[in-house]
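Undergrad: See work_13.tsv below, with TSV, C-alpha atoms and all ligand atoms.
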```tsv
chain	number	residue	atom	x	y	z
A	544	MET	CA	0.00	0.00	0.00
A	545	ARG	CA	2.71	2.40	1.11
A	546	ILE	CA	4.88	1.73	-1.95
A	547	VAL	CA	1.96	2.35	-4.26
A	548	PHE	CA	1.35	5.60	-2.51
A	549	ILE	CA	4.99	6.73	-2.86
A	550	ILE	CA	5.11	5.85	-6.56
A	551	PHE	CA	1.89	7.62	-6.95
A	552	LEU	CA	3.24	10.72	-5.17
A	553	LEU	CA	6.34	10.77	-7.38
A	554	LEU	CA	4.20	10.55	-10.48
A	555	GLY	CA	2.32	13.57	-9.24
A	556	ILE	CA	5.45	15.55	-8.40
A	557	PHE	CA	7.00	14.97	-11.79
A	558	GLY	CA	3.77	15.68	-13.52
A	559	CYS	CA	3.53	12.44	-15.49
A	560	GLY	CA	0.26	11.54	-17.07
A	561	SER	CA	-1.40	14.88	-16.81
A	562	ASP	CA	-0.42	17.00	-19.72
A	563	GLU	CA	-2.75	19.94	-19.70
A	564	GLY	CA	-2.31	20.51	-23.43
A	565	ASN	CA	-4.12	23.61	-24.49
A	566	GLU	CA	-6.19	23.74	-21.33
A	567	PRO	CA	-5.60	26.54	-18.88
A	568	GLU	CA	-3.08	25.74	-16.18
A	569	ILE	CA	-4.56	24.42	-12.98
A	570	ALA	CA	-3.58	25.78	-9.64
A	571	ASP	CA	-3.70	22.53	-7.74
A	572	LYS	CA	-1.19	19.83	-8.45
A	573	GLN	CA	-2.97	17.09	-6.65
A	574	VAL	CA	-2.14	13.49	-7.27
A	575	ARG	CA	-5.03	12.04	-9.16
A	576	PRO	CA	-5.89	8.38	-8.72
A	577	LYS	CA	-6.02	6.32	-11.86
A	578	ASN	CA	-7.54	3.14	-10.51
A	579	ILE	CA	-9.63	1.84	-7.66
A	580	GLU	CA	-6.59	0.96	-5.47
A	581	GLN	CA	-5.25	4.48	-5.68
A	582	TYR	CA	-8.74	5.88	-5.20
A	583	ASN	CA	-9.01	3.99	-1.94
A	584	LEU	CA	-5.76	5.53	-0.72
A	585	VAL	CA	-6.66	9.18	-1.10
A	586	PRO	CA	-9.35	11.20	0.65
A	587	GLU	CA	-10.03	13.57	-2.26
A	588	GLY	CA	-13.19	13.46	-4.29
A	589	LEU	CA	-14.55	15.05	-7.42
A	590	LYS	CA	-15.04	18.48	-5.84
A	591	ASP	CA	-11.36	18.59	-4.91
A	592	TYR	CA	-10.21	18.16	-8.50
A	593	TYR	CA	-12.59	20.93	-9.56
A	594	PRO	CA	-11.97	23.63	-6.94
A	595	HIS	CA	-14.96	25.92	-7.09
A	596	ASN	CA	-12.84	29.06	-7.17
A	597	ILE	CA	-11.15	27.82	-10.34
A	598	TYR	CA	-13.89	25.68	-11.88
A	599	PHE	CA	-17.38	25.19	-10.45
A	600	ASN	CA	-19.29	23.68	-7.59
A	601	ILE	CA	-19.97	19.99	-7.97
A	602	GLY	CA	-23.42	18.90	-6.86
A	603	ALA	CA	-25.78	15.97	-6.61
A	604	ALA	CA	-29.53	15.61	-6.32
A	605	ILE	CA	-30.48	13.53	-3.31
A	606	GLU	CA	-33.45	12.28	-1.34
A	607	PRO	CA	-33.38	12.91	2.43
A	608	GLN	CA	-33.17	9.14	3.05
A	609	SER	CA	-29.58	9.20	1.78
A	610	LEU	CA	-28.68	11.20	4.86
A	611	ASP	CA	-29.69	8.26	7.10
A	612	ASN	CA	-27.20	6.00	5.36
A	613	ILE	CA	-23.66	6.31	6.64
A	614	ARG	CA	-22.08	5.00	3.43
A	615	GLU	CA	-23.97	7.53	1.36
A	616	VAL	CA	-23.23	10.38	3.75
A	617	THR	CA	-19.49	9.63	3.58
A	618	PHE	CA	-19.69	9.42	-0.19
A	619	ILE	CA	-21.64	12.69	-0.48
A	620	LYS	CA	-19.17	14.55	1.74
A	621	ARG	CA	-16.23	13.23	-0.24
A	622	HIS	CA	-17.40	14.21	-3.70
A	623	PHE	CA	-19.85	17.09	-3.56
A	624	ASN	CA	-20.08	20.66	-2.30
A	625	SER	CA	-23.59	21.42	-3.57
A	626	LEU	CA	-26.90	19.62	-3.06
A	627	THR	CA	-30.27	19.67	-4.77
A	628	ALA	CA	-33.41	18.02	-3.43
A	629	GLU	CA	-34.41	15.45	-6.04
A	630	ASN	CA	-38.08	15.78	-5.05
A	631	VAL	CA	-38.70	17.22	-1.61
A	632	MET	CA	-38.60	20.89	-2.58
A	633	LYS	CA	-41.17	20.46	-5.33
A	634	TRP	CA	-44.60	21.99	-4.74
A	635	SER	CA	-46.37	18.65	-4.20
A	636	SER	CA	-43.94	17.85	-1.39
A	637	LEU	CA	-43.82	21.28	0.25
A	638	GLN	CA	-47.48	22.31	0.02
A	639	PRO	CA	-49.58	19.26	-0.92
A	640	THR	CA	-52.78	20.90	0.33
A	641	GLU	CA	-53.46	24.60	0.50
A	642	GLY	CA	-51.71	26.35	3.36
A	643	ASN	CA	-50.22	23.16	4.84
A	644	PHE	CA	-46.49	23.18	4.44
A	645	ASN	CA	-44.32	20.10	5.06
A	646	TRP	CA	-40.84	21.34	5.75
A	647	ALA	CA	-39.22	18.38	7.47
A	648	ASN	CA	-37.70	16.64	4.44
A	649	ALA	CA	-36.43	19.78	2.76
A	650	ASP	CA	-35.10	21.08	6.10
A	651	LYS	CA	-33.15	17.88	6.53
A	652	ILE	CA	-31.24	18.42	3.30
A	653	VAL	CA	-30.73	22.14	3.91
A	654	ASN	CA	-29.51	21.56	7.48
A	655	PHE	CA	-27.09	18.86	6.36
A	656	ALA	CA	-25.71	21.20	3.71
A	657	GLN	CA	-25.31	23.99	6.26
A	658	GLU	CA	-23.55	21.72	8.74
A	659	ASN	CA	-21.15	20.56	6.07
A	660	GLY	CA	-20.46	23.85	4.32
A	661	MET	CA	-22.26	22.87	1.14
A	662	LYS	CA	-24.37	25.01	-1.14
A	663	VAL	CA	-28.00	24.22	-1.94
A	664	ARG	CA	-29.73	24.72	-5.29
A	665	GLY	CA	-33.46	25.12	-4.74
A	666	HIS	CA	-35.48	22.99	-7.14
A	667	THR	CA	-38.09	24.05	-8.12
A	668	LEU	CA	-40.62	26.77	-7.33
A	669	VAL	CA	-42.95	26.58	-10.32
A	670	TRP	CA	-43.33	23.55	-12.59
A	671	HIS	CA	-46.23	21.93	-14.46
A	672	ASN	CA	-45.37	18.53	-12.96
A	673	GLN	CA	-45.53	17.53	-9.31
A	674	ALA	CA	-47.85	20.50	-8.78
A	675	PRO	CA	-51.02	19.55	-6.89
A	676	ASN	CA	-54.38	20.04	-8.58
A	677	TRP	CA	-55.76	22.31	-5.88
A	678	ILE	CA	-53.59	25.16	-7.20
A	679	PHE	CA	-55.71	25.28	-10.33
A	680	LEU	CA	-59.16	24.67	-8.81
A	681	ASP	CA	-61.70	26.87	-7.10
A	682	ASN	CA	-64.72	25.02	-5.68
A	683	GLY	CA	-64.28	22.25	-8.22
A	684	VAL	CA	-63.97	24.45	-11.30
A	685	THR	CA	-60.94	25.99	-12.95
A	686	ALA	CA	-59.57	28.78	-10.79
A	687	SER	CA	-59.17	32.32	-12.11
A	688	LYS	CA	-55.82	33.64	-13.21
A	689	THR	CA	-55.88	36.06	-10.28
A	690	LEU	CA	-56.33	33.27	-7.75
A	691	VAL	CA	-53.69	31.03	-9.33
A	692	LEU	CA	-51.12	33.84	-9.39
A	693	GLN	CA	-51.96	34.74	-5.81
A	694	ARG	CA	-51.34	31.15	-4.72
A	695	MET	CA	-48.11	31.09	-6.68
A	696	ARG	CA	-46.84	34.28	-5.04
A	697	LYS	CA	-47.70	32.94	-1.61
A	698	HIS	CA	-45.90	29.65	-2.24
A	699	ILE	CA	-42.77	31.35	-3.54
A	700	THR	CA	-42.78	33.79	-0.64
A	701	GLU	CA	-43.17	31.12	2.05
A	702	VAL	CA	-40.55	28.81	0.57
A	703	MET	CA	-37.92	31.41	-0.24
A	704	THR	CA	-38.35	33.16	3.08
A	705	ARG	CA	-37.76	29.94	4.97
A	706	TYR	CA	-34.56	29.19	3.11
A	707	LYS	CA	-33.26	32.74	2.74
A	708	GLY	CA	-29.48	32.77	3.03
A	709	LYS	CA	-29.40	28.95	2.93
A	710	VAL	CA	-30.44	28.24	-0.65
A	711	TYR	CA	-28.15	30.23	-2.90
A	712	ALA	CA	-29.79	29.59	-6.26
A	713	TRP	CA	-33.36	28.77	-7.25
A	714	ASP	CA	-34.82	27.12	-10.31
A	715	VAL	CA	-37.69	29.60	-10.26
A	716	VAL	CA	-39.50	28.19	-13.27
A	717	ASN	CA	-38.86	24.75	-14.73
A	718	GLU	CA	-39.62	23.57	-18.28
A	719	ALA	CA	-42.02	26.25	-19.55
A	720	ILE	CA	-40.85	26.17	-23.17
A	721	SER	CA	-42.42	23.79	-25.70
A	722	ASP	CA	-40.56	21.01	-27.51
A	723	ASN	CA	-42.87	21.45	-30.51
A	724	PHE	CA	-41.73	23.49	-33.44
A	725	ASN	CA	-45.00	25.39	-33.67
A	726	ASP	CA	-45.49	26.34	-30.03
A	727	PHE	CA	-43.40	28.74	-28.02
A	728	TYR	CA	-44.63	27.75	-24.55
A	729	ARG	CA	-45.60	24.21	-23.58
A	730	THR	CA	-49.32	23.68	-24.01
A	731	ASP	CA	-49.76	20.89	-21.48
A	732	SER	CA	-49.25	23.20	-18.51
A	733	LYS	CA	-52.06	24.45	-16.32
A	734	TRP	CA	-49.91	27.41	-15.38
A	735	GLN	CA	-49.67	28.36	-19.03
A	736	ASN	CA	-53.27	27.57	-19.88
A	737	ILE	CA	-54.70	29.63	-17.05
A	738	CYS	CA	-52.17	32.46	-16.75
A	739	GLY	CA	-50.31	32.69	-20.06
A	740	GLU	CA	-46.70	33.76	-19.82
A	741	ASP	CA	-47.48	36.10	-16.92
A	742	PHE	CA	-46.93	33.24	-14.51
A	743	ILE	CA	-43.27	33.14	-15.53
A	744	LEU	CA	-42.69	36.87	-15.19
A	745	GLU	CA	-44.62	37.04	-11.93
A	746	ALA	CA	-42.74	34.07	-10.50
A	747	PHE	CA	-39.40	35.74	-11.16
A	748	ARG	CA	-40.62	39.13	-9.92
A	749	THR	CA	-41.80	37.58	-6.67
A	750	ALA	CA	-38.60	35.60	-6.23
A	751	ARG	CA	-36.44	38.66	-6.80
A	752	GLN	CA	-38.42	40.60	-4.25
A	753	VAL	CA	-38.43	37.91	-1.56
A	754	ASP	CA	-34.70	37.17	-1.66
A	755	PRO	CA	-32.73	39.73	-3.64
A	756	ASN	CA	-29.51	37.87	-2.81
A	757	ALA	CA	-30.58	34.55	-4.30
A	758	LYS	CA	-29.51	33.71	-7.83
A	759	LEU	CA	-32.54	33.11	-10.01
A	760	PHE	CA	-32.50	30.47	-12.74
A	761	TYR	CA	-34.71	29.32	-15.55
A	762	ASN	CA	-34.20	25.55	-15.95
A	763	ASP	CA	-34.98	23.28	-18.91
A	764	TYR	CA	-34.09	20.09	-20.83
A	765	ALA	CA	-33.32	19.62	-24.56
A	766	GLU	CA	-31.53	22.87	-23.91
A	767	THR	CA	-29.00	22.36	-26.71
A	768	ASN	CA	-31.62	21.63	-29.39
A	769	ALA	CA	-31.31	24.59	-31.77
A	770	THR	CA	-35.01	25.43	-32.02
A	771	LYS	CA	-35.67	25.09	-28.31
A	772	ARG	CA	-32.45	26.89	-27.44
A	773	ASP	CA	-33.51	29.94	-29.42
A	774	LYS	CA	-36.91	30.00	-27.72
A	775	ILE	CA	-35.28	29.68	-24.29
A	776	PHE	CA	-32.94	32.52	-25.23
A	777	THR	CA	-35.91	34.75	-26.12
A	778	LEU	CA	-37.49	34.08	-22.73
A	779	LEU	CA	-34.20	34.62	-20.88
A	780	LYS	CA	-33.71	37.90	-22.71
A	781	LYS	CA	-37.12	39.12	-21.69
A	782	LEU	CA	-36.36	38.24	-18.07
A	783	LYS	CA	-32.88	39.70	-18.21
A	784	ASP	CA	-34.21	42.99	-19.60
A	785	GLU	CA	-36.16	43.34	-16.34
A	786	ASN	CA	-33.14	42.13	-14.31
A	787	LEU	CA	-35.12	39.11	-13.19
A	788	VAL	CA	-32.76	36.27	-14.09
A	789	ASP	CA	-29.18	35.43	-13.13
A	790	GLY	CA	-28.62	32.15	-14.82
A	791	MET	CA	-29.65	29.39	-17.18
A	792	GLY	CA	-30.04	25.90	-15.78
A	793	LEU	CA	-29.10	23.36	-18.43
A	794	GLN	CA	-30.50	20.09	-17.15
A	795	GLY	CA	-27.95	17.96	-19.02
A	796	HIS	CA	-29.98	14.76	-19.41
A	797	TRP	CA	-27.59	13.61	-22.10
A	798	ASN	CA	-26.36	10.29	-23.47
A	799	VAL	CA	-23.19	8.59	-24.66
A	800	ASP	CA	-23.67	9.93	-28.20
A	801	ALA	CA	-25.30	13.30	-27.78
A	802	PRO	CA	-25.39	16.24	-27.75
A	803	SER	CA	-22.49	17.04	-30.07
A	804	ASN	CA	-19.76	19.50	-29.13
A	805	GLU	CA	-21.13	21.90	-31.73
A	806	LEU	CA	-24.59	21.96	-30.16
A	807	ILE	CA	-23.26	22.31	-26.63
A	808	ILE	CA	-20.93	25.15	-27.61
A	809	ALA	CA	-23.67	26.94	-29.54
A	810	ALA	CA	-25.98	26.71	-26.52
A	811	PHE	CA	-23.34	27.84	-24.01
A	812	ASP	CA	-22.38	30.77	-26.24
A	813	LYS	CA	-25.93	31.85	-26.83
A	814	TYR	CA	-27.00	31.76	-23.17
A	815	LYS	CA	-23.83	33.33	-21.84
A	816	SER	CA	-24.14	36.20	-24.34
A	817	LEU	CA	-26.84	37.56	-22.01
A	818	GLY	CA	-24.23	37.97	-19.28
A	819	ILE	CA	-25.77	35.28	-17.10
A	820	GLU	CA	-24.26	32.27	-15.32
A	821	LEU	CA	-24.64	28.71	-16.53
A	822	HIS	CA	-25.44	25.81	-14.23
A	823	ILE	CA	-25.55	22.20	-15.40
A	824	THR	CA	-28.37	21.20	-13.09
A	825	GLU	CA	-29.35	17.55	-13.68
A	826	LEU	CA	-26.46	15.81	-15.37
A	827	ASP	CA	-26.70	12.15	-16.26
A	828	VAL	CA	-25.27	10.35	-19.27
A	829	SER	CA	-27.56	7.56	-20.39
A	830	VAL	CA	-25.93	4.51	-21.95
A	831	TYR	CA	-28.92	4.26	-24.32
A	832	PRO	CA	-29.01	6.93	-27.05
A	833	SER	CA	-32.42	5.73	-28.19
A	834	SER	CA	-35.61	4.53	-26.53
A	835	SER	CA	-35.50	1.52	-28.86
A	836	ASP	CA	-32.11	0.36	-27.49
A	837	VAL	CA	-32.55	-2.86	-25.56
A	838	GLN	CA	-31.43	-3.35	-21.98
A	839	SER	CA	-27.78	-4.29	-21.62
A	840	SER	CA	-25.47	-5.14	-18.78
A	841	TYR	CA	-22.71	-2.59	-18.16
A	842	THR	CA	-20.21	-4.03	-20.65
A	843	GLN	CA	-16.62	-2.82	-21.17
A	844	GLU	CA	-17.74	-1.40	-24.46
A	845	LEU	CA	-20.41	0.69	-22.77
A	846	ALA	CA	-17.98	1.74	-20.03
A	847	ASP	CA	-15.54	2.97	-22.69
A	848	LYS	CA	-18.21	4.80	-24.64
A	849	GLN	CA	-19.45	6.49	-21.51
A	850	MET	CA	-15.94	7.40	-20.42
A	851	ILE	CA	-15.34	9.12	-23.76
A	852	ALA	CA	-18.62	11.01	-23.50
A	853	TYR	CA	-18.00	12.17	-19.92
A	854	ALA	CA	-14.44	13.24	-20.81
A	855	ARG	CA	-15.80	15.20	-23.77
A	856	PHE	CA	-18.50	16.93	-21.69
A	857	PHE	CA	-16.16	17.85	-18.84
A	858	LYS	CA	-13.52	19.18	-21.21
A	859	LEU	CA	-16.17	21.55	-22.52
A	860	PHE	CA	-17.28	22.45	-19.00
A	861	ARG	CA	-13.69	23.29	-18.09
A	862	SER	CA	-13.29	25.46	-21.13
A	863	TYR	CA	-16.38	27.43	-20.04
A	864	LYS	CA	-15.21	27.70	-16.44
A	865	SER	CA	-15.72	31.46	-16.38
A	866	ASN	CA	-19.41	30.99	-17.18
A	867	ILE	CA	-20.30	27.64	-15.62
A	868	THR	CA	-20.51	27.93	-11.86
A	869	ASN	CA	-22.18	24.66	-10.86
A	870	VAL	CA	-22.30	21.14	-12.31
A	871	THR	CA	-24.88	18.97	-10.53
A	872	PHE	CA	-25.58	15.27	-11.17
A	873	TRP	CA	-29.15	14.01	-11.03
A	874	GLY	CA	-28.29	11.34	-8.47
A	875	LEU	CA	-25.28	9.75	-6.82
A	876	ALA	CA	-24.50	6.35	-8.31
A	877	ASP	CA	-25.88	3.71	-10.67
A	878	ASN	CA	-27.83	1.95	-7.92
A	879	LYS	CA	-30.64	4.48	-8.29
A	880	THR	CA	-31.61	6.64	-11.22
A	881	TRP	CA	-34.88	7.90	-12.67
A	882	LEU	CA	-33.54	6.61	-16.02
A	883	ASP	CA	-34.27	3.02	-14.90
A	884	ASN	CA	-37.87	3.94	-15.70
A	885	HIS	CA	-37.52	6.63	-18.31
A	886	PRO	CA	-38.15	6.68	-21.20
A	887	VAL	CA	-38.47	2.88	-20.96
A	888	ILE	CA	-39.98	1.39	-17.80
A	889	GLY	CA	-37.72	-1.19	-16.17
A	890	ARG	CA	-34.69	-0.76	-18.47
A	891	LYS	CA	-31.66	-0.61	-16.17
A	892	ASN	CA	-29.42	2.37	-16.88
A	893	TYR	CA	-25.93	3.29	-15.62
A	894	PRO	CA	-25.68	7.05	-16.12
A	895	PHE	CA	-23.26	8.13	-13.37
A	896	LEU	CA	-19.55	8.20	-12.57
A	897	PHE	CA	-20.03	5.58	-9.84
A	898	ASP	CA	-21.29	2.02	-10.14
A	899	THR	CA	-24.08	0.35	-8.21
A	900	SER	CA	-21.67	-0.17	-5.26
A	901	PHE	CA	-20.53	3.47	-5.30
A	902	ASN	CA	-17.13	2.61	-6.76
A	903	PRO	CA	-15.68	4.95	-9.38
A	904	LYS	CA	-16.02	3.92	-13.02
A	905	LYS	CA	-13.61	4.60	-15.87
A	906	ALA	CA	-15.51	7.80	-16.57
A	907	TYR	CA	-14.57	9.13	-13.11
A	908	PHE	CA	-10.86	8.61	-13.65
A	909	ALA	CA	-11.16	10.16	-17.11
A	910	ILE	CA	-12.73	13.41	-15.95
A	911	ILE	CA	-10.22	14.00	-13.15
A	912	ASP	CA	-7.27	13.32	-15.45
A	913	PHE	CA	-6.54	16.69	-17.03
B	1001	LIG	C1	-37.00	16.91	-14.77
B	1001	LIG	C2	-37.14	17.69	-13.48
B	1001	LIG	C3	-36.50	17.00	-12.33
B	1001	LIG	C4	-36.78	15.51	-12.32
B	1001	LIG	C5	-36.43	14.91	-13.64
B	1001	LIG	C6	-36.71	13.44	-13.66
B	1001	LIG	O1	-35.78	17.04	-15.34
B	1001	LIG	O2	-36.61	18.98	-13.57
B	1001	LIG	O3	-36.96	17.55	-11.15
B	1001	LIG	O4	-38.13	15.28	-12.01
B	1001	LIG	O5	-37.21	15.54	-14.62
B	1001	LIG	O6	-36.42	12.81	-12.48
```
Let's see the structure in the file written out as structure tokens.

TA:
Amino acid sequence: MRIVFIIFLLLGIFGCGSDEGNEPEIADKQVRPKNIEQYNLVPEGLKDYYPHNIYFNIGAAIEPQSLDNIREVTFIKRHFNSLTAENVMKWSSLQPTEGNFNWANADKIVNFAQENGMKVRGHTLVWHNQAPNWIFLDNGVTASKTLVLQRMRKHITEVMTRYKGKVYAWDVVNEAISDNFNDFYRTDSKWQNICGEDFILEAFRTARQVDPNAKLFYNDYAETNATKRDKIFTLLKKLKDENLVDGMGLQGHWNVDAPSNELIIAAFDKYKSLGIELHITELDVSVYPSSSDVQSSYTQELADKQMIAYARFFKLFRSYKSNITNVTFWGLADNKTWLDNHPVIGRKNYPFLFDTSFNPKKAYFAIIDF
């Protein structure tokens, strides 16, 4: 063990194996493990190879139950310095019935982050999913726009007030833009159908007022698709013109083949041209590019493909380090991912840097080797 460590230290001192090429120099000269044995000998984790003052915060979405599991807690503390609630800050969790707020689960994550010096991204104040029906009803019939907006303002005010100074960035509105070529806003949203785009503007106005120090984000998927990107840009511009938005949340539900460098660069360039920050908010890299791909075990071939994709994505993230300030994964390790049931129910996926036993995969070693 000791000999391995010494060799390993010498490799680090003489800089072998980490030619930075045309990448900007890095301030830290940490020894970076290249295999599981070395990984087990060092305390550092992902966040340490991407110091936030040089690169970005590294986050993960979690459920509060993870904080009852000592193995997961140790793992979270090692690798991440930012947390997102995977579900427990959504409207249906926080205010399932009118006026009755359930804070316990969200508090648990926020308190853990506070105790461990981690940031929290708030996810999400206004979304068409996981929003209880009562918001849109008044005595059994569709509620008026006035009532719906009033409820929205109250929800945002209660939630942001509680976590003021503890949640540093909020996904104020999630997924309002349509995927269809002919529609600007999504049509299957009760927010949109009852309030029109005013719900978006009002959500951001309320958020800005309640916590002027919080960073406000618009968050969406298919964010590199050219048509959708341009629509998102138009919305962001409108918000930015009123000084209502600080950043774009790119969900980053990507796969081993896509998106291409060209599309990612075009999206980063377009969003950052507004002078706003970029957060990658829900990163996972599916091993299945298509919904017709059949379930596979995690073969060497897939591991290699995924390693190449992760290395490609992180190289881009590093080259946009002045604009990207947070990269958050939508989970911890391959033992649990929403992609096991999306878009195909029951098709096991392996989208993370860590396997089902929380051990680092080839992709992990690839993204810390720069
Ligand atoms: C979207 C939402 C997330 C989450 C994922 C799927 O991306 O923003 O909150 O629900 O879908 O898990």

Undergrad: Which one of A:Thr770, A:Leu896, A:Arg855, A:Ser834 sits closest to A:Asn884 if you count only C-alpha atoms?

TA: A:Ser834

Undergrad: Can you list every residue of chain A that has an atom at most 10 Å from ligand LIG 1001 (chain B), with its nearest atom pair and the distance in Å to one decimal, using all atoms listed in the file, ordered by chain then number, as a tab-separated table?

TA:
```
residue	atom	partner	partner_atom	distance
A:Ala604	CA	B:LIG1001	O3	9.1
A:Thr627	CA	B:LIG1001	O3	9.5
A:Ala628	CA	B:LIG1001	O3	8.5
A:Glu629	CA	B:LIG1001	O3	6.1
A:Asn630	CA	B:LIG1001	O3	6.4
A:Val631	CA	B:LIG1001	O3	9.7
A:Met632	CA	B:LIG1001	O3	9.3
A:Lys633	CA	B:LIG1001	O3	7.8
A:His666	CA	B:LIG1001	O3	6.9
A:Thr667	CA	B:LIG1001	O3	7.3
A:Trp670	CA	B:LIG1001	O2	8.2
A:Asn672	CA	B:LIG1001	O4	8.0
A:Gln673	CA	B:LIG1001	O4	8.2
A:Asp714	CA	B:LIG1001	O2	8.9
A:Val716	CA	B:LIG1001	O2	9.7
A:Asn717	CA	B:LIG1001	O2	6.3
A:Glu718	CA	B:LIG1001	O2	7.2
A:Asn762	CA	B:LIG1001	O2	7.4
A:Asp763	CA	B:LIG1001	O2	7.0
A:Tyr764	CA	B:LIG1001	O1	6.5
A:Ala765	CA	B:LIG1001	O1	9.9
A:Gly792	CA	B:LIG1001	O2	9.8
A:Leu793	CA	B:LIG1001	O1	9.7
A:Gln794	CA	B:LIG1001	O1	6.4
A:Gly795	CA	B:LIG1001	O1	8.7
A:His796	CA	B:LIG1001	O1	7.4
A:Thr824	CA	B:LIG1001	O2	8.5
A:Glu825	CA	B:LIG1001	O1	6.7
A:Leu826	CA	B:LIG1001	O1	9.4
A:Trp873	CA	B:LIG1001	O6	7.5
A:Gly874	CA	B:LIG1001	O6	9.2
A:Thr880	CA	B:LIG1001	O6	7.9
A:Trp881	CA	B:LIG1001	O6	5.1
A:Leu882	CA	B:LIG1001	O6	7.7
A:Asn884	CA	B:LIG1001	O6	9.5
A:His885	CA	B:LIG1001	C6	8.3
```

Undergrad: Please produce an output containing C-alpha atoms for each residue in the selection, written as a PDB file, keeping the file's coordinate frame.

TA:
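Produced file again-v3.pdb, reproduced below:
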```
ATOM      1  CA  ALA A 604     -29.530  15.610  -6.320  1.00  0.00           C
ATOM      2  CA  THR A 627     -30.270  19.670  -4.770  1.00  0.00           C
ATOM      3  CA  ALA A 628     -33.410  18.020  -3.430  1.00  0.00           C
ATOM      4  CA  GLU A 629     -34.410  15.450  -6.040  1.00  0.00           C
ATOM      5  CA  ASN A 630     -38.080  15.780  -5.050  1.00  0.00           C
ATOM      6  CA  VAL A 631     -38.700  17.220  -1.610  1.00  0.00           C
ATOM      7  CA  MET A 632     -38.600  20.890  -2.580  1.00  0.00           C
ATOM      8  CA  LYS A 633     -41.170  20.460  -5.330  1.00  0.00           C
ATOM      9  CA  HIS A 666     -35.480  22.990  -7.140  1.00  0.00           C
ATOM     10  CA  THR A 667     -38.090  24.050  -8.120  1.00  0.00           C
ATOM     11  CA  TRP A 670     -43.330  23.550 -12.590  1.00  0.00           C
ATOM     12  CA  ASN A 672     -45.370  18.530 -12.960  1.00  0.00           C
ATOM     13  CA  GLN A 673     -45.530  17.530  -9.310  1.00  0.00           C
ATOM     14  CA  ASP A 714     -34.820  27.120 -10.310  1.00  0.00           C
ATOM     15  CA  VAL A 716     -39.500  28.190 -13.270  1.00  0.00           C
ATOM     16  CA  ASN A 717     -38.860  24.750 -14.730  1.00  0.00           C
ATOM     17  CA  GLU A 718     -39.620  23.570 -18.280  1.00  0.00           C
ATOM     18  CA  ASN A 762     -34.200  25.550 -15.950  1.00  0.00           C
ATOM     19  CA  ASP A 763     -34.980  23.280 -18.910  1.00  0.00           C
ATOM     20  CA  TYR A 764     -34.090  20.090 -20.830  1.00  0.00           C
ATOM     21  CA  ALA A 765     -33.320  19.620 -24.560  1.00  0.00           C
ATOM     22  CA  GLY A 792     -30.040  25.900 -15.780  1.00  0.00           C
ATOM     23  CA  LEU A 793     -29.100  23.360 -18.430  1.00  0.00           C
ATOM     24  CA  GLN A 794     -30.500  20.090 -17.150  1.00  0.00           C
ATOM     25  CA  GLY A 795     -27.950  17.960 -19.020  1.00  0.00           C
ATOM     26  CA  HIS A 796     -29.980  14.760 -19.410  1.00  0.00           C
ATOM     27  CA  THR A 824     -28.370  21.200 -13.090  1.00  0.00           C
ATOM     28  CA  GLU A 825     -29.350  17.550 -13.680  1.00  0.00           C
ATOM     29  CA  LEU A 826     -26.460  15.810 -15.370  1.00  0.00           C
ATOM     30  CA  TRP A 873     -29.150  14.010 -11.030  1.00  0.00           C
ATOM     31  CA  GLY A 874     -28.290  11.340  -8.470  1.00  0.00           C
ATOM     32  CA  THR A 880     -31.610   6.640 -11.220  1.00  0.00           C
ATOM     33  CA  TRP A 881     -34.880   7.900 -12.670  1.00  0.00           C
ATOM     34  CA  LEU A 882     -33.540   6.610 -16.020  1.00  0.00           C
ATOM     35  CA  ASN A 884     -37.870   3.940 -15.700  1.00  0.00           C
ATOM     36  CA  HIS A 885     -37.520   6.630 -18.310  1.00  0.00           C
TER      37      HIS A 885
END
```

Undergrad: Give the answer as one residue: which of A:Phe747, A:Tyr841, A:Phe856, A:Tyr592 has the shortest atom-to-atom distance to A:Asp827, using only C-alpha atoms?

TA: A:Phe856

Undergrad: Identify, on the basis of only C-alpha atoms, every residue whose closest approach to A:Tyr863 does not exceed 10 Å; exclude the query and any residue fewer than 2 positions from it along the same chain; express the result as a PDB file with C-alpha atoms, in the frame of the given file.

TA:
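around04.pdb, written as the output of this step:
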```
ATOM      1  CA  TYR A 598     -13.890  25.680 -11.880  1.00  0.00           C
ATOM      2  CA  PHE A 599     -17.380  25.190 -10.450  1.00  0.00           C
ATOM      3  CA  ILE A 808     -20.930  25.150 -27.610  1.00  0.00           C
ATOM      4  CA  PHE A 811     -23.340  27.840 -24.010  1.00  0.00           C
ATOM      5  CA  ASP A 812     -22.380  30.770 -26.240  1.00  0.00           C
ATOM      6  CA  LYS A 815     -23.830  33.330 -21.840  1.00  0.00           C
ATOM      7  CA  LEU A 821     -24.640  28.710 -16.530  1.00  0.00           C
ATOM      8  CA  PHE A 857     -16.160  17.850 -18.840  1.00  0.00           C
ATOM      9  CA  LYS A 858     -13.520  19.180 -21.210  1.00  0.00           C
ATOM     10  CA  LEU A 859     -16.170  21.550 -22.520  1.00  0.00           C
ATOM     11  CA  PHE A 860     -17.280  22.450 -19.000  1.00  0.00           C
ATOM     12  CA  ARG A 861     -13.690  23.290 -18.090  1.00  0.00           C
ATOM     13  CA  SER A 865     -15.720  31.460 -16.380  1.00  0.00           C
ATOM     14  CA  ASN A 866     -19.410  30.990 -17.180  1.00  0.00           C
ATOM     15  CA  ILE A 867     -20.300  27.640 -15.620  1.00  0.00           C
ATOM     16  CA  THR A 868     -20.510  27.930 -11.860  1.00  0.00           C
TER      17      THR A 868
END
```

Undergrad: Between A:Phe872, A:Gln573, A:Lys774, A:Gln838, which is the closest to A:Asp726 once you count all atoms listed in the file?

TA: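 Of the candidates, the smallest distance to A:Asp726 is held by A:Lys774.
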